>>> print(open('upload.tsv').read())   # TSV, C-alpha atoms
chain	number	residue	atom	x	y	z
A	551	MET	CA	5.41	-27.58	2.64
A	552	ALA	CA	3.08	-28.48	5.49
A	553	ASP	CA	0.97	-31.55	4.91
A	554	MET	CA	-2.58	-30.62	4.01
A	555	GLY	CA	-4.19	-33.10	6.31
A	556	MET	CA	-7.94	-33.19	6.57
A	557	GLY	CA	-7.88	-32.95	10.32
A	558	LEU	CA	-8.24	-29.25	10.97
A	559	GLY	CA	-10.07	-30.04	14.18
A	560	ALA	CA	-13.14	-28.36	15.57
A	561	THR	CA	-11.58	-25.44	17.39
A	562	ASP	CA	-13.52	-22.22	17.70
A	563	THR	CA	-12.50	-19.11	15.94
A	564	CYS	CA	-13.11	-17.29	19.18
A	565	HIS	CA	-9.91	-15.65	20.31
A	566	ASN	CA	-10.30	-16.97	23.81
A	567	GLY	CA	-9.02	-20.48	24.30
A	568	ALA	CA	-8.01	-21.31	20.75
A	569	ALA	CA	-6.81	-24.88	20.92
A	570	ALA	CA	-3.26	-25.75	20.03
A	571	PRO	CA	-3.10	-27.00	16.46
A	572	GLN	CA	-2.81	-30.69	15.89
A	573	HIS	CA	0.57	-31.95	14.78
A	574	GLY	CA	0.78	-31.77	10.98
A	575	THR	CA	-2.30	-29.61	10.68
A	576	PRO	CA	-1.52	-26.43	8.79
A	577	ARG	CA	-2.14	-23.21	10.69
A	578	ILE	CA	-4.43	-20.97	8.70
A	579	LEU	CA	-5.08	-17.32	9.39
A	580	LEU	CA	-8.02	-15.46	7.94
A	581	ILE	CA	-7.22	-11.78	7.48
A	582	ILE	CA	-10.33	-9.65	7.50
A	583	PRO	CA	-9.62	-5.99	6.69
A	584	CYS	CA	-12.50	-3.71	7.69
A	585	PHE	CA	-13.41	-0.08	7.43
A	586	ASN	CA	-16.72	0.87	9.03
A	587	GLU	CA	-18.22	-2.61	8.67
A	588	GLU	CA	-20.12	-2.80	11.95
A	589	ALA	CA	-23.20	-4.04	10.15
A	590	SER	CA	-21.53	-7.03	8.51
A	591	ILE	CA	-18.51	-8.07	10.56
A	592	GLY	CA	-20.45	-9.83	13.30
A	593	GLY	CA	-22.35	-11.95	10.79
A	594	LEU	CA	-19.19	-12.79	8.89
A	595	LEU	CA	-17.37	-13.96	12.01
A	596	ASN	CA	-20.38	-16.09	12.93
A	597	GLU	CA	-20.33	-17.65	9.48
A	598	ILE	CA	-16.63	-18.41	9.82
A	599	ALA	CA	-17.19	-20.01	13.20
A	600	ALA	CA	-20.06	-22.02	11.74
A	601	THR	CA	-17.71	-23.70	9.26
A	602	GLY	CA	-16.21	-25.52	12.26
A	603	ARG	CA	-12.79	-25.58	10.63
A	604	GLY	CA	-10.73	-24.01	13.37
A	605	TYR	CA	-9.45	-21.09	11.37
A	606	HIS	CA	-7.59	-18.40	13.26
A	607	THR	CA	-8.92	-14.97	12.44
A	608	LEU	CA	-7.53	-11.47	12.61
A	609	VAL	CA	-9.79	-8.53	11.98
A	610	VAL	CA	-7.80	-5.48	10.91
A	611	ASP	CA	-9.79	-2.39	11.76
A	612	ASP	CA	-8.52	0.25	9.37
A	613	GLY	CA	-9.32	3.30	11.43
A	614	SER	CA	-13.08	2.76	11.56
A	615	SER	CA	-15.21	5.43	13.16
A	616	ASP	CA	-18.03	3.04	14.02
A	617	ALA	CA	-18.28	0.02	16.31
A	618	THR	CA	-16.42	-2.42	14.03
A	619	SER	CA	-13.71	-3.11	16.60
A	620	ALA	CA	-16.11	-3.52	19.49
A	621	ILE	CA	-18.28	-6.00	17.60
A	622	ALA	CA	-15.37	-7.92	16.10
A	623	SER	CA	-13.45	-8.20	19.37
A	624	ARG	CA	-16.19	-10.43	20.82
A	625	ARG	CA	-15.26	-13.14	18.30
A	626	SER	CA	-11.74	-12.44	17.07
A	627	PRO	CA	-8.47	-10.70	17.82
A	628	VAL	CA	-8.58	-7.21	16.36
A	629	ALA	CA	-5.61	-5.18	15.16
A	630	ARG	CA	-6.80	-1.60	15.32
A	631	LEU	CA	-4.94	0.83	13.09
A	632	ALA	CA	-4.75	4.31	14.59
A	633	GLN	CA	-5.11	5.90	11.17
A	634	ASN	CA	-6.76	4.70	8.00
A	635	LEU	CA	-4.03	3.17	5.83
A	636	GLY	CA	-6.21	1.80	3.06
A	637	ILE	CA	-6.78	-1.80	2.08
A	638	GLY	CA	-3.10	-2.35	1.24
A	639	GLY	CA	-1.83	-1.21	4.62
A	640	ALA	CA	-4.54	-3.15	6.43
A	641	VAL	CA	-3.89	-6.39	4.59
A	642	GLN	CA	-0.14	-6.08	5.09
A	643	THR	CA	-0.73	-5.69	8.81
A	644	GLY	CA	-2.44	-9.06	8.75
A	645	ILE	CA	0.32	-10.59	6.64
A	646	LYS	CA	2.96	-9.36	9.08
A	647	TYR	CA	0.95	-10.91	11.90
A	648	ALA	CA	0.83	-14.19	9.96
A	649	ALA	CA	4.58	-14.09	9.34
A	650	ARG	CA	5.44	-13.42	12.98
A	651	ARG	CA	3.04	-16.05	14.31
A	652	ASN	CA	4.41	-18.63	11.89
A	653	PHE	CA	1.18	-19.37	10.08
A	654	ASP	CA	1.36	-21.75	7.12
A	655	PHE	CA	-1.32	-19.99	5.13
A	656	CYS	CA	-3.18	-16.75	5.28
A	657	ILE	CA	-6.39	-16.07	3.45
A	658	GLN	CA	-7.69	-12.60	2.82
A	659	ILE	CA	-11.45	-12.12	3.14
A	660	ASP	CA	-13.18	-8.79	2.88
A	661	GLY	CA	-15.17	-7.66	5.87
A	662	ASP	CA	-18.12	-6.42	3.83
A	663	GLY	CA	-19.74	-9.83	3.48
A	664	GLN	CA	-18.97	-10.33	-0.21
A	665	HIS	CA	-16.91	-13.43	0.38
A	666	ASP	CA	-18.62	-16.63	1.49
A	667	PRO	CA	-16.46	-18.30	4.16
A	668	ARG	CA	-17.40	-21.70	2.74
A	669	ALA	CA	-15.25	-20.81	-0.28
A	670	ILE	CA	-12.17	-20.97	1.95
A	671	GLU	CA	-12.25	-24.72	1.66
A	672	THR	CA	-12.35	-24.37	-2.12
A	673	LEU	CA	-9.12	-22.39	-2.03
A	674	LEU	CA	-7.48	-24.92	0.27
A	675	ASN	CA	-8.54	-27.85	-1.89
A	676	ALA	CA	-7.19	-26.08	-4.96
A	677	TYR	CA	-3.88	-25.60	-3.17
A	678	ARG	CA	-3.76	-29.26	-2.21
A	679	LYS	CA	-4.32	-30.37	-5.80
A	680	ASP	CA	-1.91	-27.90	-7.34
A	681	PRO	CA	0.14	-25.87	-4.88
A	682	THR	CA	0.95	-22.34	-5.94
A	683	ASN	CA	2.16	-19.46	-3.81
A	684	ILE	CA	-1.01	-17.45	-4.33
A	685	THR	CA	-4.45	-18.89	-5.07
A	686	ILE	CA	-7.11	-16.41	-6.09
A	687	GLY	CA	-10.83	-16.95	-5.73
A	688	SER	CA	-12.06	-15.75	-9.11
A	689	ARG	CA	-15.52	-14.50	-9.94
A	690	PHE	CA	-14.94	-14.78	-13.66
A	691	ILE	CA	-14.21	-18.45	-14.23
A	692	ASP	CA	-17.73	-19.71	-13.66
A	693	HIS	CA	-19.35	-16.24	-13.71
A	694	ALA	CA	-21.56	-17.31	-10.83
A	695	GLY	CA	-22.84	-14.93	-8.22
A	696	PHE	CA	-22.16	-11.20	-8.18
A	697	CYS	CA	-19.65	-10.24	-10.86
A	698	SER	CA	-19.37	-6.47	-10.35
A	699	THR	CA	-20.70	-3.72	-12.60
A	700	ARG	CA	-20.24	-3.69	-16.37
A	701	MET	CA	-17.86	-0.77	-16.33
A	702	ARG	CA	-15.65	-2.36	-13.73
A	703	ARG	CA	-15.66	-5.68	-15.58
A	704	ALA	CA	-14.42	-3.87	-18.69
A	705	GLY	CA	-11.64	-2.28	-16.70
A	706	ILE	CA	-10.76	-5.61	-15.13
A	707	ARG	CA	-10.43	-7.14	-18.60
A	708	LEU	CA	-7.83	-4.50	-19.44
A	709	ILE	CA	-5.90	-5.25	-16.29
A	710	VAL	CA	-6.10	-8.98	-17.05
A	711	LEU	CA	-4.68	-8.35	-20.50
A	712	ALA	CA	-1.81	-6.33	-19.06
A	713	LEU	CA	-0.93	-8.85	-16.36
A	714	ASN	CA	-1.14	-11.92	-18.55
A	715	SER	CA	0.89	-10.42	-21.36
A	716	LEU	CA	3.59	-8.75	-19.25
A	717	PHE	CA	4.15	-11.39	-16.59
A	718	SER	CA	4.53	-15.14	-16.48
A	719	GLY	CA	4.40	-17.42	-13.45
A	720	GLY	CA	0.76	-18.16	-13.28
A	721	GLY	CA	-1.96	-19.66	-15.30
A	722	ARG	CA	-4.15	-17.15	-17.05
A	723	ILE	CA	-5.46	-14.74	-14.45
A	724	THR	CA	-9.10	-13.75	-14.82
A	725	ASP	CA	-9.81	-11.83	-11.62
A	726	PRO	CA	-6.83	-9.73	-10.53
A	727	THR	CA	-8.92	-7.45	-8.33
A	728	SER	CA	-10.40	-10.25	-6.25
A	729	GLY	CA	-9.90	-9.65	-2.57
A	730	MET	CA	-10.19	-13.34	-1.77
A	731	ARG	CA	-6.84	-15.03	-2.00
A	732	LEU	CA	-4.78	-17.65	-0.27
A	733	MET	CA	-1.09	-17.06	0.36
A	734	ASP	CA	1.43	-19.68	1.38
A	735	ARG	CA	4.57	-19.16	3.45
A	736	SER	CA	6.61	-17.86	0.54
A	737	ALA	CA	3.97	-15.30	-0.36
A	738	ILE	CA	3.54	-14.35	3.30
A	739	ALA	CA	7.28	-13.77	3.69
A	740	PHE	CA	7.40	-11.78	0.46
A	741	PHE	CA	4.47	-9.51	1.23
A	742	ALA	CA	5.42	-9.01	4.86
A	743	LYS	CA	8.40	-7.04	3.56
A	744	ALA	CA	6.58	-5.01	0.93
A	745	TYR	CA	2.97	-4.74	-0.11
A	746	PRO	CA	1.51	-2.07	-2.40
A	747	THR	CA	-0.56	0.61	-0.71
A	748	ASP	CA	-2.12	1.82	-3.95
A	749	PHE	CA	-4.33	-0.69	-5.82
A	750	PRO	CA	-2.94	-3.59	-3.84
A	751	GLU	CA	-4.83	-6.51	-5.38
A	752	PRO	CA	-3.61	-6.27	-8.98
A	753	ILE	CA	-0.26	-4.68	-8.16
A	754	SER	CA	0.60	-7.30	-5.58
A	755	LEU	CA	0.12	-9.92	-8.28
A	756	ALA	CA	2.46	-8.04	-10.59
A	757	TRP	CA	5.10	-7.78	-7.86
A	758	ALA	CA	4.68	-11.45	-6.94
A	759	MET	CA	5.01	-12.73	-10.48
A	760	ARG	CA	7.97	-10.45	-11.09
A	761	ALA	CA	9.65	-12.05	-8.05
A	762	GLY	CA	8.97	-15.55	-9.37
A	763	LEU	CA	6.00	-16.49	-7.19
A	764	THR	CA	3.33	-18.64	-8.80
A	765	VAL	CA	-0.32	-17.72	-9.04
A	766	SER	CA	-3.39	-19.80	-9.80
A	767	GLU	CA	-7.13	-19.31	-9.66
A	768	VAL	CA	-10.15	-21.26	-8.59
A	769	PRO	CA	-13.78	-20.33	-9.22
A	770	VAL	CA	-15.73	-18.97	-6.28
A	771	GLU	CA	-19.07	-17.31	-5.99
A	772	MET	CA	-19.22	-13.89	-4.46
A	773	ARG	CA	-22.14	-12.00	-3.02
A	774	ALA	CA	-23.10	-8.40	-3.58
A	775	ARG	CA	-21.97	-6.11	-0.76
A	776	GLU	CA	-24.25	-6.46	2.23
A	777	THR	CA	-23.62	-2.97	3.46
A	778	GLY	CA	-21.67	0.13	2.59
A	779	VAL	CA	-20.65	1.54	-0.76
A	780	SER	CA	-17.65	0.67	-2.85
A	781	SER	CA	-14.95	3.28	-2.78
A	782	ILE	CA	-14.29	2.67	-6.47
A	783	ASP	CA	-17.28	3.69	-8.52
A	784	GLY	CA	-18.37	5.89	-11.39
A	785	LEU	CA	-15.63	8.03	-12.90
A	786	LYS	CA	-13.25	6.81	-10.25
A	787	SER	CA	-13.37	3.40	-11.98
A	788	ALA	CA	-11.86	4.83	-15.13
A	789	SER	CA	-9.17	6.67	-13.19
A	790	TYR	CA	-8.51	3.49	-11.18
A	791	MET	CA	-8.00	1.42	-14.32
A	792	VAL	CA	-5.62	3.88	-15.94
A	793	ARG	CA	-3.52	4.17	-12.82
A	794	VAL	CA	-3.43	0.42	-12.25
A	795	LEU	CA	-2.22	-0.13	-15.81
A	796	GLY	CA	0.48	2.45	-15.22
A	797	TYR	CA	1.62	0.71	-12.06
A	798	ILE	CA	1.65	-2.69	-13.78
A	799	LEU	CA	3.82	-1.29	-16.56
A	800	LEU	CA	6.11	0.26	-13.98
A	801	ALA	CA	6.36	-3.06	-12.15
A	802	ARG	CA	7.39	-4.73	-15.40
A	803	LEU	CA	10.11	-2.17	-16.05
A	804	VAL	CA	11.70	-2.57	-12.63
A	805	ARG	CA	14.20	-5.38	-12.36
A	806	SER	CA	13.34	-8.30	-10.11
A	807	ARG	CA	14.89	-8.06	-6.66
B	998	MET	CA	23.01	42.34	-26.77
B	999	THR	CA	23.44	45.31	-24.47
B	1000	ASN	CA	25.78	45.14	-21.54
B	1001	ALA	CA	23.79	47.48	-19.35
B	1002	LEU	CA	24.83	47.44	-15.72
B	1003	PRO	CA	22.21	47.33	-12.98
B	1004	SER	CA	21.37	50.68	-11.47
B	1005	PRO	CA	22.58	51.49	-7.95
B	1006	GLU	CA	18.99	51.33	-6.65
B	1007	THR	CA	18.63	47.81	-8.01
B	1008	VAL	CA	21.89	46.74	-6.41
B	1009	VAL	CA	20.83	48.18	-3.05
B	1010	VAL	CA	17.38	46.59	-3.07
B	1011	ILE	CA	18.58	43.18	-4.19
B	1012	SER	CA	21.50	43.21	-1.74
B	1013	ALA	CA	19.30	44.26	1.16
B	1014	PHE	CA	16.74	41.57	0.38
B	1015	ALA	CA	19.49	38.95	0.06
B	1016	LEU	CA	21.11	39.95	3.33
B	1017	ILE	CA	17.91	40.03	5.36
B	1018	TYR	CA	16.62	36.81	3.82
B	1019	MET	CA	19.91	34.97	4.45
B	1020	LEU	CA	19.97	36.12	8.06
B	1021	VAL	CA	16.40	34.91	8.63
B	1022	LEU	CA	17.22	31.62	6.94
B	1023	LEU	CA	20.39	31.18	8.96
B	1024	LYS	CA	18.52	31.86	12.19
B	1025	LYS	CA	15.90	29.22	11.37
B	1026	THR	CA	18.61	26.76	10.39
B	1027	LEU	CA	20.43	27.30	13.67
B	1028	GLN	CA	17.11	26.76	15.48
B	1029	GLY	CA	16.92	23.36	13.82
B	1030	ARG	CA	13.92	24.12	11.65
B	1031	PHE	CA	15.89	23.53	8.43
B	1032	ASP	CA	18.79	21.23	7.70
B	1033	LEU	CA	21.88	22.15	5.66
B	1034	TYR	CA	20.37	20.97	2.37
B	1035	ASP	CA	17.23	23.04	2.95
B	1036	PHE	CA	19.36	26.06	3.86
B	1037	LEU	CA	21.41	25.73	0.70
B	1038	MET	CA	18.44	25.30	-1.63
B	1039	LEU	CA	16.28	27.98	-0.06
B	1040	SER	CA	19.14	30.46	-0.05
B	1041	MET	CA	19.45	30.19	-3.84
B	1042	VAL	CA	16.47	32.54	-4.21
B	1043	ALA	CA	18.71	35.22	-2.69
B	1044	ILE	CA	22.15	34.11	-3.89
B	1045	ILE	CA	21.37	33.77	-7.60
B	1046	PRO	CA	19.74	37.21	-8.06
B	1047	ALA	CA	22.40	38.80	-5.86
B	1048	GLY	CA	25.14	37.13	-7.90
B	1049	PHE	CA	23.70	38.42	-11.17
B	1050	THR	CA	23.26	41.90	-9.70
B	1051	LEU	CA	26.61	42.28	-7.93
B	1052	PHE	CA	28.67	40.55	-10.60
B	1053	PRO	CA	27.01	41.54	-13.86
B	1054	THR	CA	30.03	40.62	-15.98
B	1055	ILE	CA	29.75	37.00	-14.82
B	1056	GLY	CA	26.07	37.15	-15.63
B	1057	TYR	CA	26.78	38.37	-19.15
B	1058	LEU	CA	29.45	35.69	-19.59
B	1059	VAL	CA	26.93	32.98	-18.69
B	1060	THR	CA	24.34	34.39	-21.10
B	1061	HIS	CA	26.99	34.54	-23.80
B	1062	LEU	CA	27.89	30.91	-23.17
B	1063	THR	CA	24.27	29.74	-23.19
B	1064	GLY	CA	23.33	31.85	-26.20
B	1065	VAL	CA	20.52	33.59	-24.37
B	1066	VAL	CA	20.06	37.30	-25.00
B	1067	PHE	CA	18.82	38.49	-21.64
B	1068	PRO	CA	20.60	37.64	-18.39
B	1069	PHE	CA	17.39	37.56	-16.35
B	1070	VAL	CA	16.19	34.65	-18.50
B	1071	VAL	CA	19.26	32.67	-17.45
B	1072	MET	CA	18.70	33.75	-13.86
B	1073	PHE	CA	15.10	32.51	-13.84
B	1074	GLY	CA	16.20	29.35	-15.59
B	1075	ALA	CA	18.72	28.71	-12.84
B	1076	LEU	CA	16.08	29.36	-10.18
B	1077	PHE	CA	13.68	26.92	-11.84
B	1078	LEU	CA	16.40	24.28	-11.82
B	1079	VAL	CA	16.92	24.83	-8.12
B	1080	VAL	CA	13.18	24.61	-7.45
B	1081	PHE	CA	12.84	21.34	-9.36
B	1082	ALA	CA	15.87	19.82	-7.66
B	1083	PHE	CA	14.38	20.77	-4.30
B	1084	MET	CA	10.98	19.36	-5.23
B	1085	HIS	CA	12.59	16.14	-6.40
B	1086	ASN	CA	14.28	15.71	-3.06
B	1087	MET	CA	11.19	16.70	-1.10
B	1088	THR	CA	9.03	14.21	-2.99
B	1089	ALA	CA	11.45	11.40	-2.23
B	1090	ARG	CA	11.54	12.40	1.45
B	1091	LEU	CA	7.76	12.61	1.58
B	1092	HIS	CA	7.35	9.11	0.17
B	1093	ARG	CA	9.89	7.76	2.61
B	1094	LEU	CA	8.02	9.40	5.47
B	1095	GLU	CA	4.74	7.95	4.22
B	1096	ARG	CA	6.20	4.46	4.21
B	1097	GLN	CA	7.66	4.94	7.66
B	1098	ASN	CA	4.37	6.31	8.95
B	1099	CYS	CA	2.49	3.33	7.55
B	1100	THR	CA	4.97	0.91	9.14
B	1101	LEU	CA	4.73	2.69	12.48
B	1102	ILE	CA	0.96	2.51	12.50
B	1103	GLN	CA	1.04	-1.18	11.61
B	1104	GLU	CA	3.64	-1.96	14.27
B	1105	GLN	CA	1.71	-0.02	16.89
B	1106	SER	CA	-1.45	-1.99	16.20
B	1107	LEU	CA	0.37	-5.35	16.29
B	1108	LEU	CA	2.14	-4.45	19.51
B	1109	ALA	CA	-1.14	-3.38	21.10
B	1110	LEU	CA	-2.63	-6.71	20.05
B	1111	GLU	CA	0.30	-8.61	21.47
B	1112	LEU	CA	0.08	-6.69	24.73
B	1113	LYS	CA	-3.62	-7.37	25.02
B	1114	ALA	CA	-3.04	-11.05	24.38
B	1115	LYS	CA	-0.39	-11.19	27.09
B	1116	GLU	CA	-2.61	-9.34	29.53
B	1117	ASN	CA	-5.36	-11.86	28.88
B	1118	GLY	CA	-2.89	-14.71	29.27
B	1119	GLN	CA	-3.48	-15.98	25.75
B	1120	PRO	CA	-0.92	-17.87	23.70
B	1121	ASN	CA	0.45	-16.05	20.65
B	1122	GLY	CA	-1.49	-16.91	17.47
>>> encode(input="upload.tsv", output="structure tokens")
Amino acid sequence: MADMGMGLGATDTCHNGAAAPQHGTPRILLIIPCFNEEASIGGLLNEIAATGRGYHTLVVDDGSSDATSAIASRRSPVARLAQNLGIGGAVQTGIKYAARRNFDFCIQIDGDGQHDPRAIETLLNAYRKDPTNITIGSRFIDHAGFCSTRMRRAGIRLIVLALNSLFSGGGRITDPTSGMRLMDRSAIAFFAKAYPTDFPEPISLAWAMRAGLTVSEVPVEMRARETGVSSIDGLKSASYMVRVLGYILLARLVRSR
Amino acid sequence: MTNALPSPETVVVISAFALIYMLVLLKKTLQGRFDLYDFLMLSMVAIIPAGFTLFPTIGYLVTHLTGVVFPFVVMFGALFLVVFAFMHNMTARLHRLERQNCTLIQEQSLLALELKAKENGQPNG
């Protein structure tokens, strides 16, 4: 495993003139899936650049109809999907990019501004202390910041119960629907081949644990969405939970590959 | 159970429908719009009723074997089986196409990115 040296350097996240990584410095890609996030993507990329950590970024524009690509392309490479594939398809595009470009780690961050880029360092520090294939930034360890609506939290508890009781390979998971997660080379290689299109966050964990990958969590603080509306709300939440539980059960019944 | 034979009018209508339908289906298959599996499954809607109509004794034998009183019940049962088998296959094909479509869209976007990077003279990653 690549040495987690402190020297990440002070390279820009701008896609022009990214400096060659220092020897021994892990190459880290931030995958930012977006769908109509023109109002928040510019600010997010500025925040990432302001960390001064030299992260490579890839914005995956999931068929946006607004100016997401145009705004993002000023600060980052943009993979523009011709059709909307959903969060699963968009994230897997980024993971494939990470696999082909030989990145050591990729970190998924939502493009809606919910994830504070300063929490990236928290994930990396957690990996350095206790390396696991997937490290999740959990809202529900410290319960700080925005922790979603009550109905969704109830549904998440059900999913947590299902995952923790049916699968081993991680510590106790508290936030399976978190979109902020770090993946190492093993996880990158695994998900580059197959990544769930439906309900990707919890199902990807089920697939990963079934395949023997390890999962851990670290507390992070998330913000309420800056812009836009969640696609999972109201009655859809209940339907979402039932279907996710079904998929988790199905994942348990399938033999490991 | 009665062993009533189909009337001549029934035989004519069913046979005519089966013949015309099979010819249309064959034409579309030869044009490449259906493959052999589609041709076989879609032709069952003509073949099964025609078989029961033109060979009623076989139809009655099947109903006797299955314990069903009326031959048309067996006929519709057979047609349902064909429909479900076809749907099963179509669903699998649809999912495979979905996955392929998703992969194509992803690959297209990554290739476009790579091309843009090369045009700008940037190093990969």
>>> closest_atom_pairs(input="upload.tsv", of="chain A", to="chain B", cutoff="8 Å", atoms="only C-alpha atoms", output="Markdown table")
| residue | atom | partner | partner_atom | distance |
| --- | --- | --- | --- | --- |
| A:Asn566 | CA | B:Gln1119 | CA | 7.2 |
| A:Gly567 | CA | B:Gln1119 | CA | 7.3 |
| A:His606 | CA | B:Gly1122 | CA | 7.6 |
| A:Pro627 | CA | B:Leu1110 | CA | 7.4 |
| A:Val628 | CA | B:Leu1110 | CA | 7.0 |
| A:Ala629 | CA | B:Ser1106 | CA | 5.3 |
| A:Arg630 | CA | B:Ser1106 | CA | 5.4 |
| A:Leu631 | CA | B:Ser1106 | CA | 5.5 |
| A:Ala632 | CA | B:Ile1102 | CA | 6.3 |
| A:Gln633 | CA | B:Ile1102 | CA | 7.1 |
| A:Leu635 | CA | B:Cys1099 | CA | 6.7 |
| A:Gly639 | CA | B:Cys1099 | CA | 6.9 |
| A:Ala640 | CA | B:Gln1103 | CA | 7.9 |
| A:Thr643 | CA | B:Gln1103 | CA | 5.6 |
| A:Tyr647 | CA | B:Leu1107 | CA | 7.1 |
| A:Arg651 | CA | B:Gly1122 | CA | 5.6 |
>>> closest_residue(input="upload.tsv", among="B:Ala1043, B:Arg1093, B:Leu1062, B:Ile1055", to="Leu1076 of chain B", atoms="only C-alpha atoms")
B:Ala1043
>>> atom_distance(input="upload.tsv", atom1="atom CA of Lys1025 of chain B", atom2="atom CA of Gly1074 of chain B")
27.0 Å
>>> atom_distance(input="upload.tsv", atom1="atom CA of Phe653 of chain A", atom2="atom CA of Ser736 of chain A")
11.1 Å
>>> residues_around(input="upload.tsv", residues="Leu799 of chain A", least_positions_apart="5", cutoff="10 Å", atoms="all atoms listed in the file", output="list in words")
Ala712, Leu713, Leu716, Ile753, Ala756, Arg793, Val794 and Val804 of chain A
>>> residues_around(input="upload.tsv", residues="segment 1029-1040 of chain B", least_positions_apart="2", cutoff="9 Å", atoms="all atoms listed in the file", output="list in words")
Ala1015, Tyr1018, Met1019, Leu1022, Leu1023, Lys1024, Lys1025, Thr1026, Leu1027, Val1042, Ala1043, Ile1044, Ile1045, Val1079, Val1080, Ala1082 and Phe1083 of chain B
>>> closest_residue(input="upload.tsv", among="B:Leu1094, B:Lys1115, B:Leu1051, B:Thr1060", to="Pro1005 of chain B", atoms="only C-alpha atoms")
B:Leu1051
>>> axis_aligned_box(input="upload.tsv", around="segment 628-634 of chain A", padding_each_side="4 Å", output="AutoDock Vina command-line options")
--center_x -6.7 --center_y -0.7 --center_z 12.2 --size_x 11.8 --size_y 21.1 --size_z 16.4
>>> atom_distance(input="upload.tsv", atom1="atom CA of Leu1002 of chain B", atom2="atom CA of Pro1053 of chain B")
6.6 Å
>>> residues_around(input="upload.tsv", residues="Ile645 of chain A", least_positions_apart="6", cutoff="9 Å", atoms="all atoms listed in the file", output="PDB file with C-alpha atoms, in the coordinates of the input")
ATOM      1  CA  ILE A 581      -7.220 -11.780   7.480  1.00  0.00           C
ATOM      2  CA  CYS A 656      -3.180 -16.750   5.280  1.00  0.00           C
ATOM      3  CA  ILE A 738       3.540 -14.350   3.300  1.00  0.00           C
ATOM      4  CA  ALA A 739       7.280 -13.770   3.690  1.00  0.00           C
ATOM      5  CA  PHE A 741       4.470  -9.510   1.230  1.00  0.00           C
ATOM      6  CA  ALA A 742       5.420  -9.010   4.860  1.00  0.00           C
TER       7      ALA A 742
END
